[in-house]
Structure formats: structure tokens, C-alpha cells
>>> print(open('query-v5.cif').read())   # mmCIF, C-alpha atoms
data_my_file
#
loop_
_atom_site.label_atom_id
_atom_site.label_comp_id
_atom_site.auth_asym_id
_atom_site.auth_seq_id
_atom_site.Cartn_x
_atom_site.Cartn_y
_atom_site.Cartn_z
CA MET A 168 21.83 32.95 5.98
CA GLU A 169 24.87 33.10 3.72
CA GLY A 170 26.58 29.76 3.23
CA ASN A 171 23.93 28.08 5.33
CA ILE A 172 23.12 24.73 3.70
CA GLU A 173 20.40 23.96 6.31
CA VAL A 174 17.84 26.18 4.65
CA LEU A 175 18.23 24.27 1.40
CA GLN A 176 17.64 20.85 2.92
CA GLY A 177 13.89 20.69 2.33
CA ALA A 178 14.30 22.00 -1.20
CA ILE A 179 16.98 19.41 -2.01
CA ALA A 180 14.73 16.64 -0.71
CA LEU A 181 11.94 17.92 -2.96
CA VAL A 182 14.22 17.89 -6.00
CA GLY A 183 15.32 14.36 -5.08
CA TYR A 184 11.73 13.18 -4.95
CA GLY A 185 11.03 14.87 -8.26
CA LEU A 186 13.96 13.08 -9.90
CA ALA A 187 12.87 9.77 -8.36
CA ALA A 188 9.39 10.22 -9.86
CA VAL A 189 10.56 10.81 -13.45
CA GLY A 190 11.68 7.27 -14.26
CA PRO A 191 8.71 5.42 -12.77
CA GLY A 192 6.36 7.95 -14.42
CA VAL A 193 7.71 7.09 -17.85
CA GLY A 194 7.84 3.40 -16.91
CA ILE A 195 4.22 3.18 -15.80
CA GLY A 196 3.20 4.97 -18.99
CA ILE A 197 4.99 2.35 -21.10
CA VAL A 198 3.56 -0.54 -19.06
CA VAL A 199 -0.04 0.66 -19.27
CA GLY A 200 0.26 1.75 -22.89
CA ASN A 201 1.53 -1.62 -24.00
CA ALA A 202 -1.08 -3.39 -21.88
CA ILE A 203 -3.82 -1.40 -23.65
CA THR A 204 -2.33 -2.32 -27.02
CA ALA A 205 -2.27 -5.96 -26.02
CA MET A 206 -5.87 -5.84 -24.78
CA ALA A 207 -7.03 -4.15 -27.98
CA ARG A 208 -5.34 -6.79 -30.10
CA GLN A 209 -6.50 -9.78 -28.08
CA PRO A 210 -9.54 -8.94 -25.97
CA GLU A 211 -9.82 -12.59 -24.91
CA MET A 212 -6.49 -12.24 -23.03
CA GLN A 213 -7.81 -9.26 -21.07
CA ASN A 214 -7.70 -10.84 -17.61
CA THR A 215 -4.16 -12.16 -17.93
CA VAL A 216 -2.94 -8.88 -19.38
CA ARG A 217 -4.59 -6.87 -16.61
CA THR A 218 -3.01 -8.98 -13.85
CA THR A 219 0.40 -8.70 -15.48
CA MET A 220 -0.11 -4.97 -15.96
CA PHE A 221 -0.76 -4.47 -12.25
CA LEU A 222 2.34 -6.48 -11.46
CA GLY A 223 4.40 -4.31 -13.79
CA ILE A 224 2.94 -1.15 -12.30
CA ALA A 225 3.66 -2.37 -8.78
CA PHE A 226 7.30 -3.12 -9.55
CA THR A 227 7.84 0.18 -11.35
CA GLU A 228 6.01 2.21 -8.76
CA ALA A 229 8.22 0.91 -5.96
CA LEU A 230 11.06 3.19 -7.08
CA ALA A 231 8.92 6.31 -6.88
CA LEU A 232 7.61 5.27 -3.48
CA ILE A 233 11.10 4.74 -2.10
CA GLY A 234 11.87 8.28 -3.27
CA PHE A 235 8.74 9.48 -1.51
CA VAL A 236 9.74 7.82 1.76
CA LEU A 237 13.27 9.21 1.51
CA PHE A 238 11.76 12.66 1.05
CA PHE A 239 10.20 12.39 4.51
CA ILE A 240 13.28 10.85 6.08
CA ALA A 241 15.58 13.57 4.69
CA MET B 52 -9.62 14.02 14.14
CA ASP B 53 -7.11 15.49 11.69
CA THR B 54 -8.94 18.78 11.61
CA VAL B 55 -8.55 18.87 15.38
CA ILE B 56 -4.80 18.34 15.02
CA LEU B 57 -4.50 20.97 12.30
CA ALA B 58 -6.58 23.44 14.30
CA ALA B 59 -4.57 22.72 17.44
CA GLU B 60 -1.48 23.73 15.47
CA GLU B 61 -3.05 27.20 15.26
CA CYS B 62 -3.14 27.58 11.54
CA ASP B 63 -2.47 31.21 10.60
CA VAL B 64 -5.33 31.52 8.09
CA ALA B 65 -4.49 35.16 7.35
CA ASN B 66 -1.03 34.39 5.98
CA GLU B 67 -0.97 30.72 4.98
CA VAL B 68 -2.51 29.24 1.84
CA ILE B 69 -2.70 25.71 3.27
CA CYS B 70 -2.72 24.51 6.85
CA ALA B 71 0.24 22.17 7.27
CA PRO B 72 1.23 20.92 10.71
CA SER B 73 4.75 21.92 11.74
CA ASN B 74 5.64 18.23 11.81
CA VAL B 75 3.86 15.68 9.60
CA ASN B 76 4.49 12.97 12.19
CA LEU B 77 1.69 14.56 14.21
CA LEU B 78 -0.76 13.13 11.70
CA PHE B 79 0.48 9.59 12.28
CA GLU B 80 1.73 9.38 15.87
CA LEU B 81 -1.46 9.38 17.84
CA PRO B 82 -1.39 9.96 21.60
CA LYS B 83 -1.38 6.85 23.78
CA TRP B 84 -4.46 5.87 25.73
CA PHE B 85 -2.98 3.57 28.37
CA ASP B 86 -0.24 1.01 28.91
CA ILE B 87 -0.53 -2.78 28.68
CA GLY B 88 2.64 -4.08 30.24
CA PRO B 89 5.51 -2.66 28.18
CA PHE B 90 3.23 -1.79 25.26
CA GLU B 91 1.49 1.51 24.69
CA PHE B 92 -2.12 1.16 23.64
CA THR B 93 -2.90 3.91 21.13
CA ARG B 94 -5.75 4.67 18.78
CA THR B 95 -3.81 2.77 16.11
CA SER B 96 -3.69 -0.36 18.27
CA PHE B 97 -7.40 -0.06 18.89
CA LEU B 98 -8.10 0.31 15.16
CA MET B 99 -5.95 -2.75 14.49
CA PHE B 100 -8.06 -4.88 16.80
CA LEU B 101 -11.18 -3.27 15.37
CA ALA B 102 -10.08 -4.26 11.86
CA ALA B 103 -9.51 -7.85 12.99
CA ALA B 104 -12.93 -7.85 14.69
CA ILE B 105 -14.60 -6.49 11.53
CA VAL B 106 -12.95 -9.19 9.42
CA VAL B 107 -14.12 -11.90 11.81
CA GLY B 108 -17.57 -10.31 11.94
CA ILE B 109 -17.98 -10.20 8.15
CA LEU B 110 -16.85 -13.80 7.75
CA TRP B 111 -19.01 -14.98 10.65
CA ALA B 112 -22.07 -13.18 9.31
CA GLY B 113 -21.51 -14.59 5.85
CA LEU B 114 -20.56 -18.17 6.58
CA ARG B 115 -22.16 -18.94 9.94
CA LYS B 116 -24.95 -20.97 8.38
CA PRO B 117 -23.97 -21.66 4.75
CA LYS B 118 -27.02 -22.33 2.60
CA LEU B 119 -27.28 -23.95 -0.79
CA VAL B 120 -28.94 -20.77 -2.10
CA PRO B 121 -26.74 -18.05 -0.59
CA GLY B 122 -28.16 -14.94 1.02
CA LYS B 123 -26.76 -11.46 0.36
CA MET B 124 -24.00 -11.62 2.98
CA GLN B 125 -22.97 -15.15 2.06
CA LEU B 126 -22.89 -14.22 -1.62
CA PHE B 127 -20.63 -11.25 -0.84
CA VAL B 128 -18.18 -13.31 1.22
CA GLU B 129 -18.21 -16.16 -1.29
CA THR B 130 -17.46 -13.74 -4.12
CA LEU B 131 -14.50 -12.33 -2.18
CA VAL B 132 -13.15 -15.78 -1.29
CA GLY B 133 -13.66 -16.95 -4.87
CA PHE B 134 -11.87 -13.89 -6.21
CA VAL B 135 -8.80 -14.49 -4.07
CA ARG B 136 -8.78 -18.30 -4.47
CA ASP B 137 -9.46 -18.47 -8.23
CA GLY B 138 -8.35 -15.05 -9.41
CA ILE B 139 -5.13 -14.83 -7.41
CA ALA B 140 -4.09 -18.14 -5.83
CA ARG B 141 -4.95 -20.56 -8.66
CA ASP B 142 -4.22 -18.15 -11.51
CA ILE B 143 -0.76 -17.22 -10.26
CA ILE B 144 0.49 -20.22 -8.27
CA GLY B 145 -1.21 -22.98 -10.26
CA PRO B 146 -3.32 -25.97 -9.19
CA GLU B 147 -1.59 -26.30 -5.81
CA GLY B 148 -2.35 -22.61 -5.17
CA ALA B 149 -5.57 -23.48 -3.34
CA LYS B 150 -3.38 -24.55 -0.43
CA TYR B 151 -2.21 -20.95 0.02
CA ALA B 152 -5.63 -19.39 -0.53
CA PRO B 153 -6.49 -19.15 3.22
CA TYR B 154 -3.34 -17.13 3.93
CA LEU B 155 -3.79 -14.91 0.86
CA PHE B 156 -7.44 -14.32 1.71
CA SER B 157 -6.58 -13.43 5.32
CA ILE B 158 -4.03 -10.77 4.37
CA PHE B 159 -6.24 -9.51 1.55
CA ILE B 160 -9.28 -8.84 3.69
CA PHE B 161 -7.27 -7.51 6.67
CA ILE B 162 -5.37 -5.03 4.49
CA LEU B 163 -8.58 -4.11 2.68
CA VAL B 164 -10.35 -3.24 5.94
CA GLY B 165 -7.24 -1.47 7.25
CA ASN B 166 -6.92 0.58 4.06
CA LEU B 167 -10.60 1.45 3.89
CA PHE B 168 -10.33 2.94 7.39
CA GLU B 169 -8.63 5.80 5.58
CA VAL B 170 -11.87 6.82 3.87
CA THR B 171 -14.28 5.74 6.62
CA PRO B 172 -15.88 8.77 8.29
CA LEU B 173 -15.10 9.07 12.03
CA VAL B 174 -12.12 6.71 11.68
CA THR B 175 -10.11 8.38 8.88
CA PHE B 176 -6.86 6.71 9.78
CA PRO B 177 -5.41 3.87 7.69
CA ILE B 178 -3.66 1.49 10.09
CA THR B 179 -1.43 0.35 7.21
CA SER B 180 0.16 3.82 7.21
CA ARG B 181 2.11 2.77 10.32
CA MET B 182 5.14 0.84 9.11
CA ALA B 183 4.80 -1.87 11.78
CA ILE B 184 1.73 -3.46 10.18
CA PRO B 185 2.85 -3.69 6.52
CA ALA B 186 6.32 -4.69 7.74
CA PHE B 187 4.90 -7.53 9.82
CA LEU B 188 2.70 -8.75 6.96
CA ALA B 189 5.65 -8.59 4.55
CA VAL B 190 7.81 -10.57 7.00
CA VAL B 191 5.13 -13.28 7.20
CA THR B 192 5.04 -13.51 3.39
CA TYR B 193 8.85 -13.56 3.36
CA ILE B 194 9.01 -16.45 5.84
CA ILE B 195 6.39 -18.38 3.85
CA PHE B 196 8.06 -18.05 0.46
CA VAL B 197 11.56 -18.79 1.76
CA PHE B 198 10.28 -21.78 3.74
CA VAL B 199 8.31 -23.12 0.77
CA GLY B 200 11.32 -22.63 -1.49
CA PHE B 201 13.61 -24.68 0.75
CA LYS B 202 10.95 -27.30 1.40
CA LYS B 203 10.11 -27.85 -2.29
CA ASN B 204 13.61 -27.63 -3.74
CA GLY B 205 15.96 -28.21 -0.84
CA PHE B 206 19.30 -26.46 -1.04
CA HIS B 207 18.86 -26.11 -4.82
CA TYR B 208 16.50 -23.22 -4.14
CA LEU B 209 19.37 -21.06 -2.94
CA LEU B 210 21.76 -22.46 -5.54
CA ASP B 211 19.42 -21.75 -8.47
CA ILE B 212 19.09 -18.15 -7.39
CA ALA B 213 22.79 -17.57 -6.73
CA TRP B 214 23.98 -19.50 -9.84
CA PRO B 215 21.26 -19.09 -12.53
CA LYS B 216 21.68 -21.81 -15.16
CA SER B 217 19.79 -19.91 -17.87
CA VAL B 218 22.50 -17.22 -18.07
CA PRO B 219 25.93 -17.47 -19.82
CA VAL B 220 28.63 -18.65 -17.42
CA ALA B 221 30.58 -15.38 -17.50
CA LEU B 222 27.55 -13.43 -16.30
CA ARG B 223 26.40 -15.87 -13.64
CA PRO B 224 28.21 -14.33 -10.63
CA LEU B 225 26.87 -10.87 -11.44
CA VAL B 226 23.30 -11.95 -12.18
CA GLY B 227 23.37 -14.30 -9.19
CA LEU B 228 24.40 -11.48 -6.87
CA ILE B 229 21.68 -9.18 -8.22
CA GLU B 230 19.12 -11.98 -7.86
CA LEU B 231 20.20 -12.75 -4.29
CA VAL B 232 19.84 -9.12 -3.22
CA SER B 233 16.58 -8.73 -5.09
CA VAL B 234 14.95 -11.90 -3.75
CA PHE B 235 16.05 -11.81 -0.13
CA ILE B 236 16.34 -8.08 0.61
CA LEU B 237 14.45 -5.98 -1.92
CA ARG B 238 11.35 -8.19 -2.16
CA PRO B 239 10.15 -7.90 1.46
CA LEU B 240 11.35 -4.30 1.65
CA THR B 241 9.45 -3.07 -1.39
CA LEU B 242 6.42 -5.17 -0.47
CA ALA B 243 6.12 -3.35 2.84
CA VAL B 244 7.17 0.09 1.62
CA ARG B 245 4.73 0.02 -1.33
CA LEU B 246 1.69 -0.45 0.89
CA PHE B 247 2.98 1.90 3.59
CA ALA B 248 3.96 4.77 1.28
CA ASN B 249 0.74 4.65 -0.72
CA LEU B 250 -1.36 4.93 2.40
CA VAL B 251 0.88 7.60 3.98
CA ALA B 252 0.62 9.69 0.82
CA GLY B 253 -3.13 9.26 0.70
CA HIS B 254 -3.70 10.06 4.37
CA LEU B 255 -1.42 13.08 4.16
CA MET B 256 -3.21 14.52 1.13
CA LEU B 257 -6.67 13.92 2.58
CA ALA B 258 -5.76 15.34 5.99
CA LEU B 259 -4.10 18.46 4.56
CA LEU B 260 -6.73 19.23 1.91
CA LEU B 261 -9.91 18.42 3.85
CA GLY B 262 -8.45 19.78 7.13
CA SER B 263 -7.40 23.04 5.47
CA GLY B 264 -10.75 23.28 3.73
CA VAL B 265 -12.69 23.02 6.98
CA THR B 266 -10.31 25.34 8.86
CA PHE B 267 -10.51 28.07 6.21
CA VAL B 268 -14.28 27.88 5.81
CA LEU B 269 -14.78 28.03 9.59
CA ALA B 270 -12.53 31.12 9.77
CA VAL B 271 -14.75 33.05 7.35
CA GLY B 272 -15.54 35.65 10.04
CA ASP B 273 -11.86 36.50 10.53
CA VAL B 274 -10.46 36.48 7.01
CA GLY B 275 -13.50 37.32 4.87
CA ALA B 276 -13.21 36.48 1.18
CA LYS B 277 -9.99 34.55 1.68
CA ALA B 278 -12.06 31.75 3.22
CA GLY B 279 -13.09 30.88 -0.36
CA ILE B 280 -9.75 29.11 -0.76
CA GLY B 281 -11.10 26.56 1.71
CA LEU B 282 -13.83 25.61 -0.76
CA VAL B 283 -11.19 24.92 -3.41
CA TRP B 284 -9.20 22.73 -1.02
CA PHE B 285 -12.37 20.90 -0.03
CA ILE B 286 -13.44 20.17 -3.63
CA VAL B 287 -9.95 18.98 -4.60
CA GLY B 288 -9.93 16.91 -1.39
CA MET B 289 -13.21 15.23 -2.32
CA GLY B 290 -11.73 14.29 -5.71
CA ILE B 291 -8.71 12.76 -3.98
CA TYR B 292 -11.11 11.02 -1.58
CA LEU B 293 -12.72 9.10 -4.44
CA PHE B 294 -9.27 8.30 -5.84
CA GLU B 295 -8.15 7.01 -2.43
CA ILE B 296 -11.01 4.49 -2.32
CA VAL B 297 -9.61 3.01 -5.53
CA VAL B 298 -6.06 3.11 -4.13
CA ALA B 299 -7.12 1.36 -0.92
CA ILE B 300 -8.70 -1.55 -2.81
CA LEU B 301 -5.92 -1.71 -5.42
CA GLN B 302 -3.14 -1.79 -2.82
CA ALA B 303 -4.79 -4.65 -0.92
CA TYR B 304 -5.06 -6.50 -4.26
CA ILE B 305 -1.44 -5.76 -5.22
CA PHE B 306 -0.04 -6.87 -1.85
CA THR B 307 -1.92 -10.17 -2.16
CA LEU B 308 -0.96 -10.55 -5.82
CA LEU B 309 2.73 -10.00 -5.11
CA SER B 310 2.64 -12.40 -2.16
CA ALA B 311 1.19 -14.99 -4.55
CA VAL B 312 3.85 -14.24 -7.18
CA TYR B 313 6.65 -14.62 -4.63
CA ILE B 314 5.22 -17.91 -3.37
CA GLN B 315 4.85 -19.06 -6.98
CA SER B 316 8.51 -18.29 -7.66
CA SER B 317 9.41 -20.60 -4.77
CA VAL B 318 7.05 -23.37 -5.85
CA HIS B 319 8.25 -23.37 -9.48
CA PRO B 320 11.67 -21.70 -9.32
CA GLU B 321 12.60 -22.41 -12.95
CA HIS B 322 10.05 -19.92 -14.32
#
>>> encode(input="query-v5.cif", output="C-alpha cells")
Amino acid sequence: MEGNIEVLQGAIALVGYGLAAVGPGVGIGIVVGNAITAMARQPEMQNTVRTTMFLGIAFTEALALIGFVLFFIA
Amino acid sequence: MDTVILAAEECDVANEVICAPSNVNLLFELPKWFDIGPFEFTRTSFLMFLAAAIVVGILWAGLRKPKLVPGKMQLFVETLVGFVRDGIARDIIGPEGAKYAPYLFSIFIFILVGNLFEVTPLVTFPITSRMAIPAFLAVVTYIIFVFVGFKKNGFHYLLDIAWPKSVPVALRPLVGLIELVSVFILRPLTLAVRLFANLVAGHLMLALLLGSGVTFVLAVGDVGAKAGIGLVWFIVGMGIYLFEIVVAILQAYIFTLLSAVYIQSSVHPEH
């Protein structure tokens, strides 16, 4: 067991996924938060804001998902 | 189906807290049924054709005899078509977006049916969790937006991306390089991976939680009170199940939306 890096491989992949999820987590929070502010200020723009919000979420989320896929590949 | 796989793995209910298969690929690589030429025909292939048949069936049932006062089925199909044509194609691409509405509607409804297989009892396998299907759909979108870009703008399409005029001259090589990589490599890649990874994550969670729940509860005779953990897994699994219905619909919407955005960026590259 000593000096055997193999046993750590799964754990390292988990940490990598965790790190990959931090940024997008904060990012999605900012996107949705600002979208809610925008909707509250201008309810008539709701549809446009919602579409743009989903776009923003989709772009941000991609980073976390790549981390998730790498977790399984590793 | 997944419970069968988990049970076949001989889950050690006395020592484990959750039944995980030794290899998660077992949940996605289904055994082949028979060969057609060089291709293996698996349950996934069957579900793919089933999804196509369901799509054709819904559209045929709804629009076979269109009436001035629509019936229930026609109303449903018309609402879906209207949502994609007006809510996605025209809103994002602009007036000429109606031209792309048939393609967008086709991928939307196919992905929607494929995703909803995840939460359909007796099927419980999202075909979009096999990379081949999202990858193929992303490649089709990729071909369309690159083709439209060259057709509408000629060689300037490539030039405007590689040498963006709206950026100071000193930064243009750097921004151009980033744009080139982002448009021609990252766009199709993330488009496919987003759909694929969402559905893989969902299927994995549902299979592990619901499968473990059933396995533990069924083993109540062997492990006694410890079988109660199965109830917890099952309740959490049902919560995730509801969430996955939302994810399935949202991911079909996002794939279509992003396809429309990419096509739009080729139709009007200056924005």
C-alpha cells in the first residue's frame, strides 16, 4: 500500500470534479440572481430575460459537465 | 432493468450502504440482441427507432387531418410547433428563422422523446446518454451553421471570426484565435457533452438510488432493520425522479435553443 498512487486515483478524480464544480456553481448563481433582478425590475421583459438566462446557464454549466465527464474517464 | 443489473452484481446488503455496480458502464452498455451486417443491434438501437416511431406517430396523429377547430391532439402538436417556431426560431434567428424551424422542431421533439425515456416506466433508459446520439445531432447542427455561415457571408465568415474588427488591432490575433477555437471546436463539443452528461448523471442517480432502494427493501428477511435504508434511498430517488423530468425537458429546450443561437451567429455574424 505504501507509495502506491493507484489507490488514490478515484479520490483525486473526485477532488478534480469538486474543483470543476466550484466555478460554475458560483457562475450559475450570479446568472440566475441577476436574471431575477432584471425580471423584478422589468416584468414585461420576462420572456427575453428567461431565454437569455437559460443560455447563460447552459454556457456556464458546460464547464461543470466537462469536469463530470472527466471524472468518469479518469 | 437496472435493478436486475444491480441485483446481478450481487449487492452485499449486509455491508454496503448503497448498491453500486463494480463498473458504471454496465448501466449504459446493454447486451446486444443480434447483428445487422457489421452493426450490433442492442436495446439502445431499438429504443432509438422507437423514439423515431413515437415522434412520427405523434405528428401523424396530430396533423393527419388538420381541422379549422383543432382537436386535442392537433392542439398539442400545434402548440409544440408554435413554441419552437415562434419561441425559438423566430425569436432568436429573426424573421428568416422560420426557414430553420423544421430542423429545430425535429431535433427538439426527438431529443425530448429520447430524454423522457429516462423517466418512462419499463423503458428507463435515456438514449441520449449514449454519446453517439448527441454527438451525431451536434455534428448536424455544426454542419448547418458552418454551411449557412459560408453561404451567407462567403469567405468573410471565416475572416470575421479570425480577425474581429470590433477589437483593437493589437488584440486581434489573440481574440481571433480564441474565437476560432471556440466556434469550430468548443461549440459542437460542448453542445454534445452538455446533453450527454446531463442524461448520464440523471440515469446514474436514478438507477443507483431506486435500484438500491428496491434491493434493500427486498432483502428485509436477511438484514432486518437495515432494510430501512432502502426506504430512504427510494424516497430520495423519487425526488430526483421529479427533478429529472424537468431536466429532460429543459435539456431538449437548451439543445434546440443553442442550435438556433449558433445558426443565428452565422446568419448575422456582426452581432
>>> atom_distance(input="query-v5.cif", atom1="CA of Arg181 (chain B)", atom2="CA of Gly185 (chain A)")
23.9 Å
>>> interface_residues(input="query-v5.cif", of="chain A", to="chain B", cutoff="8 Å", atoms="only C-alpha atoms", output="PyMOL selection string")
chain A and resi 221-222+225+228-229+232-233+235-236
>>> atom_distance(input="query-v5.cif", atom1="CA of Pro121 (chain B)", atom2="CA of Phe168 (chain B)")
27.8 Å
>>> atom_distance(input="query-v5.cif", atom1="CA of Gly133 (chain B)", atom2="CA of Val216 (chain A)")
19.8 Å
>>> closest_residue(input="query-v5.cif", among="A:Leu230, A:Gly190, A:Val199, A:Ala180", to="Arg217 (chain A)", atoms="only C-alpha atoms")
A:Val199
>>> resolve_selection(input="query-v5.cif", expression="the PyMOL selection byres ((chain B and resi 144-148) around 10)", output="list of chain:residue names")
B:Arg136, B:Asp137, B:Ile139, B:Ala140, B:Arg141, B:Asp142, B:Ile143, B:Ala149, B:Lys150, B:Tyr151, B:Ala152, B:Pro153, B:Leu155, B:Ala311, B:Val312, B:Tyr313, B:Ile314, B:Gln315, B:Ser316, B:Ser317, B:Val318, B:His319
>>> closest_residue(input="query-v5.cif", among="A:Leu186, A:Leu237, A:Met220, A:Leu181", to="Ile203 (chain A)", atoms="all atoms listed in the file")
A:Met220
>>> closest_residue(input="query-v5.cif", among="A:Val198, A:Ile240, A:Gly234, A:Phe226", to="Gly183 (chain A)", atoms="all atoms listed in the file")
A:Gly234
>>> resolve_selection(input="query-v5.cif", expression="the PyMOL selection byres ((chain B and resi 253) around 12)", output="ChimeraX atom specification")
/B:78,166-170,175-177,179-180,246-252,254-261,288,290-299,302
>>> resolve_selection(input="query-v5.cif", expression="the PyMOL selection byres ((chain B and resi 198-214) around 9)", output="PyMOL selection string")
chain B and resi 193-197+215-216+218+220+223-224+226-231+234+314+316-321
>>> build_atoms(input="query-v5.cif", residues="region 178-199 of chain B", atoms="N, CA and C atoms", output="mmCIF file, keeping the file's coordinate frame")
data_model
loop_
_atom_site.group_PDB
_atom_site.id
_atom_site.type_symbol
_atom_site.label_atom_id
_atom_site.label_comp_id
_atom_site.auth_asym_id
_atom_site.auth_seq_id
_atom_site.Cartn_x
_atom_site.Cartn_y
_atom_site.Cartn_z
ATOM 1 N N ILE B 178 -4.656 2.086 9.187
ATOM 2 C CA ILE B 178 -3.660 1.490 10.090
ATOM 3 C C ILE B 178 -2.441 1.040 9.313
ATOM 4 N N THR B 179 -2.591 0.781 7.997
ATOM 5 C CA THR B 179 -1.430 0.350 7.210
ATOM 6 C C THR B 179 -0.481 1.509 6.933
ATOM 7 N N SER B 180 -0.790 2.722 7.386
ATOM 8 C CA SER B 180 0.160 3.820 7.210
ATOM 9 C C SER B 180 1.144 3.880 8.386
ATOM 10 N N ARG B 181 1.041 2.937 9.315
ATOM 11 C CA ARG B 181 2.110 2.770 10.320
ATOM 12 C C ARG B 181 2.955 1.598 9.860
ATOM 13 N N MET B 182 4.267 1.818 9.754
ATOM 14 C CA MET B 182 5.140 0.840 9.110
ATOM 15 C C MET B 182 5.071 -0.529 9.771
ATOM 16 N N ALA B 183 4.763 -0.595 11.069
ATOM 17 C CA ALA B 183 4.800 -1.870 11.780
ATOM 18 C C ALA B 183 3.885 -2.899 11.124
ATOM 19 N N ILE B 184 2.708 -2.481 10.675
ATOM 20 C CA ILE B 184 1.730 -3.460 10.180
ATOM 21 C C ILE B 184 2.105 -3.991 8.802
ATOM 22 N N PRO B 185 2.371 -3.120 7.786
ATOM 23 C CA PRO B 185 2.850 -3.690 6.520
ATOM 24 C C PRO B 185 4.155 -4.453 6.672
ATOM 25 N N ALA B 186 5.044 -3.985 7.567
ATOM 26 C CA ALA B 186 6.320 -4.690 7.740
ATOM 27 C C ALA B 186 6.077 -6.087 8.277
ATOM 28 N N PHE B 187 5.172 -6.209 9.261
ATOM 29 C CA PHE B 187 4.900 -7.530 9.820
ATOM 30 C C PHE B 187 4.302 -8.448 8.751
ATOM 31 N N LEU B 188 3.327 -7.922 7.996
ATOM 32 C CA LEU B 188 2.700 -8.750 6.960
ATOM 33 C C LEU B 188 3.722 -9.166 5.908
ATOM 34 N N ALA B 189 4.627 -8.250 5.545
ATOM 35 C CA ALA B 189 5.650 -8.590 4.550
ATOM 36 C C ALA B 189 6.594 -9.651 5.102
ATOM 37 N N VAL B 190 6.910 -9.572 6.404
ATOM 38 C CA VAL B 190 7.810 -10.570 7.000
ATOM 39 C C VAL B 190 7.144 -11.938 6.990
ATOM 40 N N VAL B 191 5.833 -11.989 7.241
ATOM 41 C CA VAL B 191 5.130 -13.280 7.200
ATOM 42 C C VAL B 191 5.204 -13.872 5.796
ATOM 43 N N THR B 192 4.930 -13.034 4.780
ATOM 44 C CA THR B 192 5.040 -13.510 3.390
ATOM 45 C C THR B 192 6.455 -13.984 3.096
ATOM 46 N N TYR B 193 7.438 -13.226 3.568
ATOM 47 C CA TYR B 193 8.850 -13.560 3.360
ATOM 48 C C TYR B 193 9.171 -14.933 3.942
ATOM 49 N N ILE B 194 8.746 -15.157 5.197
ATOM 50 C CA ILE B 194 9.010 -16.450 5.840
ATOM 51 C C ILE B 194 8.346 -17.560 5.042
ATOM 52 N N ILE B 195 7.101 -17.330 4.586
ATOM 53 C CA ILE B 195 6.390 -18.380 3.850
ATOM 54 C C ILE B 195 7.118 -18.705 2.566
ATOM 55 N N PHE B 196 7.498 -17.677 1.759
ATOM 56 C CA PHE B 196 8.060 -18.050 0.460
ATOM 57 C C PHE B 196 9.468 -18.615 0.577
ATOM 58 N N VAL B 197 10.236 -18.178 1.577
ATOM 59 C CA VAL B 197 11.560 -18.790 1.760
ATOM 60 C C VAL B 197 11.413 -20.224 2.246
ATOM 61 N N PHE B 198 10.501 -20.439 3.201
ATOM 62 C CA PHE B 198 10.280 -21.780 3.740
ATOM 63 C C PHE B 198 9.807 -22.738 2.647
ATOM 64 N N VAL B 199 8.830 -22.270 1.842
ATOM 65 C CA VAL B 199 8.310 -23.120 0.770
ATOM 66 C C VAL B 199 9.410 -23.429 -0.244
#
